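**Q** I am sharing my_file-v1.cif, which consists of mmCIF, C-alpha atoms and all ligand atoms:
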data_structure
#
loop_
_atom_site.label_atom_id
_atom_site.label_comp_id
_atom_site.auth_asym_id
_atom_site.auth_seq_id
_atom_site.Cartn_x
_atom_site.Cartn_y
_atom_site.Cartn_z
CA MET A 207 -67.53 -32.12 -71.19
CA SER A 208 -68.33 -29.48 -68.58
CA ASP A 209 -67.04 -29.17 -65.02
CA LEU A 210 -70.31 -30.64 -63.84
CA ASP A 211 -69.62 -33.84 -65.76
CA VAL A 212 -66.45 -34.33 -63.75
CA TYR A 213 -67.46 -33.04 -60.34
CA GLN A 214 -70.07 -35.48 -59.12
CA GLY A 215 -70.47 -33.95 -55.66
CA ALA A 216 -73.41 -32.26 -53.99
CA VAL A 217 -74.65 -30.12 -56.84
CA ARG A 218 -77.55 -30.75 -59.16
CA THR A 219 -76.24 -31.89 -62.53
CA SER A 220 -78.10 -32.15 -65.83
CA ASN A 221 -76.97 -35.76 -66.25
CA ALA A 222 -77.97 -38.42 -63.72
CA LYS A 223 -75.09 -39.40 -61.44
CA VAL A 224 -73.75 -42.94 -61.26
CA HIS A 225 -72.62 -44.01 -57.78
CA GLY A 226 -70.24 -46.60 -56.31
CA PRO A 227 -70.35 -48.99 -53.33
CA GLU A 228 -69.69 -46.37 -50.63
CA ALA A 229 -72.60 -44.31 -51.87
CA PHE A 230 -74.84 -47.38 -51.66
CA GLU A 231 -73.82 -47.79 -48.02
CA GLY A 232 -74.63 -44.14 -47.35
CA MET A 233 -78.03 -44.47 -48.98
CA ARG A 234 -78.87 -47.62 -47.05
CA LYS A 235 -78.27 -45.81 -43.77
CA ALA A 236 -80.22 -42.69 -44.76
CA GLY A 237 -83.06 -44.79 -46.18
CA ARG A 238 -83.23 -46.90 -43.04
CA ILE A 239 -83.56 -43.85 -40.79
CA ALA A 240 -86.31 -42.32 -42.96
CA ALA A 241 -88.21 -45.62 -43.08
CA GLU A 242 -87.85 -46.19 -39.34
CA CYS A 243 -89.18 -42.69 -38.73
CA LEU A 244 -92.35 -43.59 -40.66
CA ASP A 245 -92.61 -46.79 -38.58
CA VAL A 246 -92.44 -44.74 -35.37
CA LEU A 247 -95.17 -42.37 -36.60
CA TYR A 248 -97.60 -45.21 -37.41
CA PRO A 249 -99.13 -45.56 -33.91
CA LEU A 250 -99.51 -41.76 -33.66
CA VAL A 251 -101.91 -41.59 -36.60
CA GLN A 252 -105.15 -41.58 -34.59
CA PRO A 253 -108.32 -39.49 -34.50
CA GLY A 254 -107.58 -36.28 -32.60
CA ALA A 255 -103.83 -36.26 -33.27
CA ILE A 256 -102.44 -32.81 -34.17
CA THR A 257 -100.32 -32.93 -37.31
CA ASP A 258 -97.73 -30.55 -35.86
CA ASP A 259 -97.20 -32.97 -32.94
CA ILE A 260 -96.48 -35.75 -35.44
CA ASP A 261 -93.99 -33.42 -37.14
CA LYS A 262 -92.19 -32.79 -33.84
CA VAL A 263 -91.86 -36.52 -33.15
CA ALA A 264 -90.37 -36.99 -36.62
CA ARG A 265 -87.90 -34.15 -36.08
CA GLU A 266 -86.75 -35.52 -32.72
CA PHE A 267 -86.45 -39.04 -34.13
CA ILE A 268 -84.28 -37.91 -37.03
CA LEU A 269 -82.05 -35.68 -34.90
CA ASP A 270 -81.71 -38.43 -32.24
CA HIS A 271 -80.38 -40.74 -34.96
CA GLY A 272 -77.61 -38.36 -35.96
CA ALA A 273 -79.43 -37.31 -39.11
CA TYR A 274 -81.00 -34.04 -40.26
CA PRO A 275 -84.48 -33.40 -41.74
CA ALA A 276 -83.87 -32.43 -45.38
CA CYS A 277 -87.16 -30.52 -45.64
CA LEU A 278 -86.47 -28.28 -42.64
CA PHE A 279 -85.61 -24.85 -44.12
CA TYR A 280 -85.56 -26.32 -47.62
CA ARG A 281 -86.65 -23.46 -49.91
CA GLY A 282 -88.33 -21.81 -46.93
CA TYR A 283 -90.24 -24.91 -45.79
CA ALA A 284 -90.36 -24.83 -41.96
CA LYS A 285 -91.36 -28.39 -41.00
CA THR A 286 -89.70 -31.81 -40.92
CA VAL A 287 -92.35 -33.82 -42.77
CA CYS A 288 -95.17 -33.18 -45.21
CA ILE A 289 -98.60 -34.42 -44.08
CA SER A 290 -101.15 -34.52 -46.88
CA PRO A 291 -104.74 -35.47 -45.95
CA ASN A 292 -107.55 -36.56 -48.28
CA HIS A 293 -107.63 -34.31 -51.36
CA VAL A 294 -104.16 -32.86 -50.62
CA VAL A 295 -101.88 -34.30 -53.30
CA CYS A 296 -98.54 -33.48 -51.66
CA HIS A 297 -96.58 -30.97 -49.55
CA GLY A 298 -99.28 -30.50 -46.92
CA ILE A 299 -97.80 -28.47 -44.05
CA PRO A 300 -98.18 -29.85 -40.51
CA GLY A 301 -100.13 -27.47 -38.26
CA GLN A 302 -102.93 -27.35 -35.71
CA ARG A 303 -105.28 -29.56 -37.73
CA ALA A 304 -106.58 -32.55 -35.79
CA LEU A 305 -106.90 -35.83 -37.67
CA ARG A 306 -110.46 -37.11 -38.02
CA ASP A 307 -111.87 -40.60 -38.19
CA GLY A 308 -111.98 -41.63 -41.85
CA ASP A 309 -109.16 -39.35 -43.05
CA ILE A 310 -106.42 -40.80 -45.19
CA ILE A 311 -103.03 -39.10 -44.91
CA ASN A 312 -99.67 -39.29 -46.57
CA ILE A 313 -96.60 -38.64 -44.43
CA ASP A 314 -93.41 -37.88 -46.38
CA VAL A 315 -90.05 -37.84 -44.60
CA THR A 316 -86.59 -37.09 -45.93
CA ALA A 317 -83.53 -37.61 -43.71
CA ILE A 318 -79.92 -36.66 -44.47
CA ALA A 319 -77.36 -39.01 -42.91
CA ASP A 320 -73.63 -38.48 -43.54
CA GLY A 321 -74.65 -36.31 -46.48
CA TRP A 322 -76.89 -38.90 -48.15
CA HIS A 323 -80.69 -38.50 -48.55
CA GLY A 324 -83.37 -41.05 -47.71
CA ASP A 325 -86.80 -39.95 -49.03
CA THR A 326 -89.94 -42.01 -48.46
CA SER A 327 -93.66 -41.66 -47.87
CA ARG A 328 -96.61 -43.86 -46.98
CA MET A 329 -100.39 -43.67 -46.68
CA TYR A 330 -102.06 -44.11 -43.29
CA GLY A 331 -105.73 -44.47 -42.43
CA VAL A 332 -107.16 -42.54 -39.47
CA GLY A 333 -109.57 -44.84 -37.67
CA GLU A 334 -111.93 -46.57 -40.07
CA ILE A 335 -111.76 -45.51 -43.72
CA ALA A 336 -114.20 -45.79 -46.63
CA PRO A 337 -113.96 -48.55 -49.27
CA ARG A 338 -113.06 -46.07 -52.06
CA ALA A 339 -110.23 -44.67 -49.91
CA ARG A 340 -108.80 -48.13 -49.36
CA ARG A 341 -109.10 -48.92 -53.05
CA LEU A 342 -107.19 -45.73 -53.94
CA ILE A 343 -104.44 -46.58 -51.45
CA ASP A 344 -104.18 -50.14 -52.79
CA VAL A 345 -103.98 -48.92 -56.40
CA THR A 346 -101.35 -46.32 -55.52
CA TYR A 347 -99.13 -48.77 -53.66
CA GLU A 348 -99.37 -51.34 -56.43
CA SER A 349 -98.53 -48.66 -59.02
CA MET A 350 -95.36 -47.72 -57.14
CA LEU A 351 -94.30 -51.38 -57.00
CA ARG A 352 -94.95 -51.78 -60.73
CA GLY A 353 -92.88 -48.69 -61.45
CA ILE A 354 -89.99 -49.97 -59.30
CA ASN A 355 -90.22 -53.39 -60.95
CA ALA A 356 -89.50 -51.74 -64.31
CA VAL A 357 -86.10 -50.52 -62.98
CA ARG A 358 -83.06 -52.24 -64.47
CA PRO A 359 -80.02 -51.20 -66.53
CA GLY A 360 -81.07 -50.39 -70.08
CA ALA A 361 -84.71 -49.68 -69.19
CA THR A 362 -85.78 -46.06 -69.57
CA VAL A 363 -87.53 -43.51 -67.40
CA GLY A 364 -90.51 -43.89 -69.77
CA ASP A 365 -90.72 -47.59 -68.95
CA ILE A 366 -91.23 -46.70 -65.27
CA GLY A 367 -93.87 -44.09 -66.11
CA HIS A 368 -95.67 -46.41 -68.47
CA ALA A 369 -95.81 -49.23 -65.91
CA ILE A 370 -97.42 -46.84 -63.43
CA GLN A 371 -99.78 -44.99 -65.76
CA SER A 372 -101.12 -48.03 -67.62
CA TYR A 373 -102.00 -49.76 -64.35
CA VAL A 374 -103.51 -46.69 -62.65
CA GLU A 375 -105.68 -45.77 -65.63
CA ALA A 376 -106.88 -49.37 -66.03
CA GLN A 377 -108.11 -49.00 -62.44
CA ARG A 378 -110.04 -45.84 -63.48
CA CYS A 379 -107.81 -43.56 -61.43
CA SER A 380 -105.46 -40.81 -62.68
CA VAL A 381 -101.75 -40.00 -62.37
CA VAL A 382 -100.73 -36.51 -61.26
CA ARG A 383 -98.56 -34.80 -63.90
CA ASP A 384 -97.26 -31.73 -62.05
CA PHE A 385 -94.98 -33.55 -59.56
CA CYS A 386 -92.49 -36.30 -60.25
CA GLY A 387 -89.85 -38.51 -58.70
CA HIS A 388 -86.27 -37.31 -58.79
CA GLY A 389 -82.67 -38.33 -58.65
CA LEU A 390 -81.23 -38.13 -55.14
CA GLY A 391 -78.04 -38.92 -53.29
CA GLN A 392 -75.95 -36.09 -51.88
CA VAL A 393 -78.44 -33.79 -53.62
CA PHE A 394 -82.12 -33.84 -52.56
CA HIS A 395 -83.73 -33.15 -55.94
CA ASP A 396 -81.33 -34.15 -58.71
CA SER A 397 -81.60 -35.42 -62.29
CA PRO A 398 -83.29 -37.39 -63.69
CA ASN A 399 -86.95 -36.42 -63.32
CA ILE A 400 -88.94 -39.62 -62.86
CA LEU A 401 -92.31 -38.96 -64.47
CA HIS A 402 -95.06 -41.31 -63.34
CA PHE A 403 -96.57 -41.44 -66.82
CA GLY A 404 -94.99 -42.03 -70.19
CA ARG A 405 -94.31 -44.37 -73.04
CA PRO A 406 -92.08 -47.46 -73.15
CA GLY A 407 -88.56 -46.78 -74.41
CA GLU A 408 -88.84 -43.00 -74.05
CA GLY A 409 -86.70 -40.80 -71.83
CA PRO A 410 -83.20 -41.32 -70.44
CA ALA A 411 -81.80 -44.84 -70.12
CA LEU A 412 -81.14 -46.21 -66.63
CA LYS A 413 -77.63 -47.26 -65.61
CA ALA A 414 -76.44 -49.28 -62.61
CA GLY A 415 -75.49 -46.87 -59.83
CA MET A 416 -78.24 -44.31 -60.46
CA PHE A 417 -80.34 -43.36 -57.42
CA PHE A 418 -83.84 -41.88 -57.60
CA THR A 419 -87.28 -41.89 -56.04
CA VAL A 420 -90.44 -43.46 -57.39
CA GLU A 421 -93.35 -41.57 -55.80
CA PRO A 422 -96.59 -41.68 -57.80
CA MET A 423 -99.47 -39.43 -56.78
CA VAL A 424 -102.78 -41.01 -57.80
CA ASN A 425 -106.23 -39.38 -57.76
CA LEU A 426 -109.67 -40.99 -57.65
CA GLY A 427 -110.88 -38.20 -59.95
CA LYS A 428 -109.04 -36.13 -62.54
CA TYR A 429 -105.29 -35.55 -62.46
CA GLN A 430 -105.32 -31.74 -62.36
CA VAL A 431 -103.96 -30.07 -59.23
CA LYS A 432 -103.83 -26.55 -57.89
CA LEU A 433 -101.51 -24.88 -55.41
CA LEU A 434 -102.95 -23.21 -52.32
CA SER A 435 -101.91 -19.67 -51.35
CA ASP A 436 -99.40 -20.96 -48.77
CA GLY A 437 -97.22 -21.74 -51.81
CA TRP A 438 -96.79 -25.42 -50.87
CA THR A 439 -100.03 -27.34 -50.44
CA ALA A 440 -101.11 -28.99 -53.70
CA VAL A 441 -104.73 -30.21 -53.89
CA THR A 442 -106.85 -31.94 -56.50
CA ARG A 443 -108.83 -29.41 -58.55
CA ASP A 444 -111.96 -31.57 -58.40
CA LYS A 445 -111.51 -32.20 -54.61
CA SER A 446 -111.22 -35.94 -55.24
CA LEU A 447 -109.10 -38.08 -52.90
CA SER A 448 -105.40 -38.39 -53.66
CA ALA A 449 -102.79 -40.90 -52.45
CA GLN A 450 -99.02 -41.36 -52.72
CA PHE A 451 -96.27 -43.78 -51.77
CA GLU A 452 -92.55 -43.14 -52.19
CA HIS A 453 -89.41 -45.27 -52.06
CA SER A 454 -85.78 -44.30 -52.69
CA VAL A 455 -84.21 -46.84 -55.04
CA ALA A 456 -80.98 -47.66 -56.87
CA VAL A 457 -80.45 -49.24 -60.25
CA THR A 458 -78.26 -52.34 -59.73
CA GLU A 459 -76.53 -54.64 -62.24
CA THR A 460 -79.48 -57.03 -62.03
CA GLY A 461 -82.41 -54.69 -61.40
CA PHE A 462 -83.03 -52.48 -58.40
CA GLU A 463 -82.46 -52.06 -54.67
CA ILE A 464 -84.97 -50.32 -52.39
CA PHE A 465 -83.28 -48.21 -49.68
CA THR A 466 -86.41 -47.30 -47.71
CA HIS A 467 -87.98 -50.62 -46.74
CA SER A 468 -89.55 -50.84 -43.29
CA LEU A 469 -87.79 -53.37 -41.10
CA ASN A 470 -91.11 -53.82 -39.27
CA GLY A 471 -93.34 -54.83 -42.17
CA LEU A 472 -94.90 -51.36 -42.40
CA ASP A 473 -94.08 -50.46 -46.03
CA LYS A 474 -97.86 -50.43 -46.50
CA PRO A 475 -99.30 -49.64 -43.06
CA PRO A 476 -102.37 -51.74 -42.20
CA LEU A 477 -105.71 -49.95 -42.73
CA ILE A 478 -108.87 -50.38 -40.70
CA GLY A 479 -112.12 -50.64 -42.64
CA GLY A 480 -112.85 -50.15 -46.29
CA VAL A 481 -113.00 -53.79 -47.25
N1 LIG A 501 -90.14 -35.19 -49.75
C1 LIG A 501 -90.66 -34.48 -50.88
C2 LIG A 501 -90.26 -35.27 -52.09
O1 LIG A 501 -90.61 -36.41 -52.16
C3 LIG A 501 -90.18 -33.09 -50.96
C4 LIG A 501 -90.71 -32.22 -49.91
S1 LIG A 501 -90.00 -30.70 -50.06
C5 LIG A 501 -90.70 -29.83 -48.82
O2 LIG A 501 -89.53 -34.88 -52.94
F1 LIG A 501 -90.00 -28.76 -48.72
F2 LIG A 501 -91.94 -29.64 -49.11
F3 LIG A 501 -90.64 -30.53 -47.71
CO CO A 502 -89.10 -37.37 -53.24
CO CO A 503 -90.60 -37.38 -50.27
#
How does this structure look as structure tokens?
Ligand code: MF3
Ligand code: CO
Ligand code: CO
**A**
Amino acid sequence: MSDLDVYQGAVRTSNAKVHGPEAFEGMRKAGRIAAECLDVLYPLVQPGAITDDIDKVAREFILDHGAYPACLFYRGYAKTVCISPNHVVCHGIPGQRALRDGDIINIDVTAIADGWHGDTSRMYGVGEIAPRARRLIDVTYESMLRGINAVRPGATVGDIGHAIQSYVEAQRCSVVRDFCGHGLGQVFHDSPNILHFGRPGEGPALKAGMFFTVEPMVNLGKYQVKLLSDGWTAVTRDKSLSAQFEHSVAVTETGFEIFTHSLNGLDKPPLIGGV
């Protein structure tokens, strides 16, 4: 046994942490703030909106709620949220880009409240979107739900990945390999890694009290990604559209609890067009 096995505080450990009731309360509060932030951003996602303005609203919202944006100054990142349009897979940096009719964007927000992290992202449509864009968003959301539905004590990380991958590939889409979900709690990116592909029964077993994200990135084309020279923005190599949803979840005695539900029915924001 190492010191890290005993000290279960705010350091990344190689083993996944198991948490008690007070930690659940902390995660509910952090998750609620992150989810409410995404609710507040929903009406701002319009043609002509500047992504940096959306970032500022998110920052103010989080600070006004007594929380802190986990991404701000995280490993040199200088914004509150990630905004990833179209073929951007993840970690798009808000800037002077104006949203255009037909864009699809992911907004990813992480808030720290009383030391606990709430990490969640959703897809939004800008104006009217194409049928293939809506299909990708639908497939991605459903894949996240299937992954979360595999969460229960005794299941493995591979069960989650398999539930996601088998569904996504049956829909003739692909699962990004280079980014994964992660343990979280008092640490932003902790063990275990939650791969969104895998085989049933493989990987670490889940125990009640573990917290982690499920955040599949799904491409209409091939799964390969490349990193742009800003060191953050990941895009699909084949320029195909990419989508992502993310919830923060716990393993409970009977299954799972989702910490980042919208209280306004916006877990999957309504899309215009594409039917
Ligand atoms: N929120 C992202 C995740 O789901 C991490 C973003 S890190 C940042 O893990 F620095 F790019 F913001
Ligand atoms: Co995450
Ligand atoms: Co996130």
**Q** Dump as JSON lines the rows for residues of chain A within 10 Å of ligand CO 502 (chain A): closest atom pair and distance in Å with one decimal, only C-alpha atoms and all ligand atoms counted, ordered by chain and rising residue number.
**A**
{"residue": "A:Asp314", "atom": "CA", "partner": "A:CO502", "partner_atom": "CO", "distance": 8.1}
{"residue": "A:Val315", "atom": "CA", "partner": "A:CO502", "partner_atom": "CO", "distance": 8.7}
{"residue": "A:Thr316", "atom": "CA", "partner": "A:CO502", "partner_atom": "CO", "distance": 7.7}
{"residue": "A:His323", "atom": "CA", "partner": "A:CO502", "partner_atom": "CO", "distance": 9.7}
{"residue": "A:Gly324", "atom": "CA", "partner": "A:CO502", "partner_atom": "CO", "distance": 8.8}
{"residue": "A:Asp325", "atom": "CA", "partner": "A:CO502", "partner_atom": "CO", "distance": 5.4}
{"residue": "A:Thr326", "atom": "CA", "partner": "A:CO502", "partner_atom": "CO", "distance": 6.7}
{"residue": "A:Ser327", "atom": "CA", "partner": "A:CO502", "partner_atom": "CO", "distance": 8.2}
{"residue": "A:Phe385", "atom": "CA", "partner": "A:CO502", "partner_atom": "CO", "distance": 9.4}
{"residue": "A:Cys386", "atom": "CA", "partner": "A:CO502", "partner_atom": "CO", "distance": 7.9}
{"residue": "A:Gly387", "atom": "CA", "partner": "A:CO502", "partner_atom": "CO", "distance": 5.6}
{"residue": "A:His388", "atom": "CA", "partner": "A:CO502", "partner_atom": "CO", "distance": 6.2}
{"residue": "A:Gly389", "atom": "CA", "partner": "A:CO502", "partner_atom": "CO", "distance": 8.5}
{"residue": "A:Leu390", "atom": "CA", "partner": "A:CO502", "partner_atom": "CO", "distance": 8.1}
{"residue": "A:Phe394", "atom": "CA", "partner": "A:CO502", "partner_atom": "CO", "distance": 7.9}
{"residue": "A:His395", "atom": "CA", "partner": "A:CO502", "partner_atom": "CO", "distance": 7.3}
{"residue": "A:Ile400", "atom": "CA", "partner": "A:CO502", "partner_atom": "CO", "distance": 9.9}
{"residue": "A:Phe418", "atom": "CA", "partner": "A:CO502", "partner_atom": "CO", "distance": 8.2}
{"residue": "A:Thr419", "atom": "CA", "partner": "A:CO502", "partner_atom": "CO", "distance": 5.6}
{"residue": "A:Val420", "atom": "CA", "partner": "A:CO502", "partner_atom": "CO", "distance": 7.5}
{"residue": "A:Glu421", "atom": "CA", "partner": "A:CO502", "partner_atom": "CO", "distance": 6.5}
{"residue": "A:Pro422", "atom": "CA", "partner": "A:CO502", "partner_atom": "CO", "distance": 9.8}
{"residue": "A:Phe451", "atom": "CA", "partner": "A:CO502", "partner_atom": "CO", "distance": 9.7}
{"residue": "A:Glu452", "atom": "CA", "partner": "A:CO502", "partner_atom": "CO", "distance": 6.8}
{"residue": "A:His453", "atom": "CA", "partner": "A:CO502", "partner_atom": "CO", "distance": 8.0}
{"residue": "A:Ser454", "atom": "CA", "partner": "A:CO502", "partner_atom": "CO", "distance": 7.7}
**Q** For Phe403 in chain A, list every protein, DNA or RNA residue within 6 Å, evaluated using only C-alpha atoms, and leave out those in the same chain fewer than 3 positions away; present the list as number ranges by chain.
**A** A: 367-368, 371
**Q** Near Val224 in chain A, within 8 Å and counting all atoms listed in the file, which residues show up once chain neighbours fewer than 2 positions away are dropped, as number ranges by chain?
**A** A: 222, 226, 413-417
**Q** Just the residues within 9 Å of Gly301 in chain A, please, counting only C-alpha atoms, with nothing from its chain fewer than 6 positions along; format it as a count of residues only.
**A** 5
**Q** Applying 6 Å and only C-alpha atoms, which residues near Trp322 in chain A remain after dropping the ones on its own chain fewer than 3 positions away? List them as a list in words.
**A**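 Residues meeting the cut-off are Gly232, Met233, Ile318, Ala319, Gly391 and Gln392 of chain A.
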**Q** For the residues selected in the previous step, produce a file with C-alpha atoms as a compact mmCIF listing (two decimals), keeping the file's coordinate frame.
**A**
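Output saved as selection-v3.txt:
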# COMPACT_ATOMS: atom_id res chain seq x y z
CA GLY A 232 -74.63 -44.14 -47.35
CA MET A 233 -78.03 -44.47 -48.98
CA ILE A 318 -79.92 -36.66 -44.47
CA ALA A 319 -77.36 -39.01 -42.91
CA GLY A 391 -78.04 -38.92 -53.29
CA GLN A 392 -75.95 -36.09 -51.88
**Q** With only C-alpha atoms as the counted atoms, please give the residues lying no more than 8 Å from Cys288 in chain A, apart from itself and same-chain residues fewer than 3 positions off, as a list in words.
**A**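 Answer for this query is Lys285, Cys296, His297, Gly298, Ile299, Pro300, Asn312, Ile313, Asp314 and Val315 of chain A.
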**Q** For a quick check of understanding, using only C-alpha atoms and all ligand atoms, which of A:Ala336, A:Ala304, A:Leu433, A:Ala240 has the smallest distance to ligand CO 503 (chain A)?
**A** A:Ala240
**Q** CA of Ala317 in chain A and CA of Phe465 in chain A, how far apart in Å?
**A**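 CA of Phe465 in chain A sits 12.2 Å away from CA of Ala317 in chain A.
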**Q** Ranking A:Val345, A:Ala440, A:Cys243, A:Ala273 by minimum distance to ligand LIG 501 (chain A) and counting only C-alpha atoms and all ligand atoms, which one comes first?
**A**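 When distances to ligand LIG 501 (chain A) are compared using only C-alpha atoms and all ligand atoms, the smallest one comes from A:Ala440.
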**Q** What does the structure give for the distance between CA of Val357 in chain A and CA of Val441 in chain A, in Å to one decimal?
**A**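 Here the two named atoms are 29.0 Å from each other.
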**Q** Can you find the residues with an atom no farther than 12 Å from (-91.3, -51.4, -41.6), counting all atoms listed in the file, and report them as an mmCIF file with C-alpha atoms, in the frame of the given file?
**A**
data_model
loop_
_atom_site.group_PDB
_atom_site.id
_atom_site.type_symbol
_atom_site.label_atom_id
_atom_site.label_comp_id
_atom_site.auth_asym_id
_atom_site.auth_seq_id
_atom_site.Cartn_x
_atom_site.Cartn_y
_atom_site.Cartn_z
ATOM 1 C CA GLY A 237 -83.060 -44.790 -46.180
ATOM 2 C CA ARG A 238 -83.230 -46.900 -43.040
ATOM 3 C CA ILE A 239 -83.560 -43.850 -40.790
ATOM 4 C CA ALA A 240 -86.310 -42.320 -42.960
ATOM 5 C CA ALA A 241 -88.210 -45.620 -43.080
ATOM 6 C CA GLU A 242 -87.850 -46.190 -39.340
ATOM 7 C CA CYS A 243 -89.180 -42.690 -38.730
ATOM 8 C CA LEU A 244 -92.350 -43.590 -40.660
ATOM 9 C CA ASP A 245 -92.610 -46.790 -38.580
ATOM 10 C CA VAL A 246 -92.440 -44.740 -35.370
ATOM 11 C CA LEU A 247 -95.170 -42.370 -36.600
ATOM 12 C CA TYR A 248 -97.600 -45.210 -37.410
ATOM 13 C CA THR A 326 -89.940 -42.010 -48.460
ATOM 14 C CA SER A 327 -93.660 -41.660 -47.870
ATOM 15 C CA ARG A 328 -96.610 -43.860 -46.980
ATOM 16 C CA PHE A 465 -83.280 -48.210 -49.680
ATOM 17 C CA THR A 466 -86.410 -47.300 -47.710
ATOM 18 C CA HIS A 467 -87.980 -50.620 -46.740
ATOM 19 C CA SER A 468 -89.550 -50.840 -43.290
ATOM 20 C CA LEU A 469 -87.790 -53.370 -41.100
ATOM 21 C CA ASN A 470 -91.110 -53.820 -39.270
ATOM 22 C CA GLY A 471 -93.340 -54.830 -42.170
ATOM 23 C CA LEU A 472 -94.900 -51.360 -42.400
ATOM 24 C CA ASP A 473 -94.080 -50.460 -46.030
ATOM 25 C CA LYS A 474 -97.860 -50.430 -46.500
ATOM 26 C CA PRO A 475 -99.300 -49.640 -43.060
ATOM 27 C CA PRO A 476 -102.370 -51.740 -42.200
#
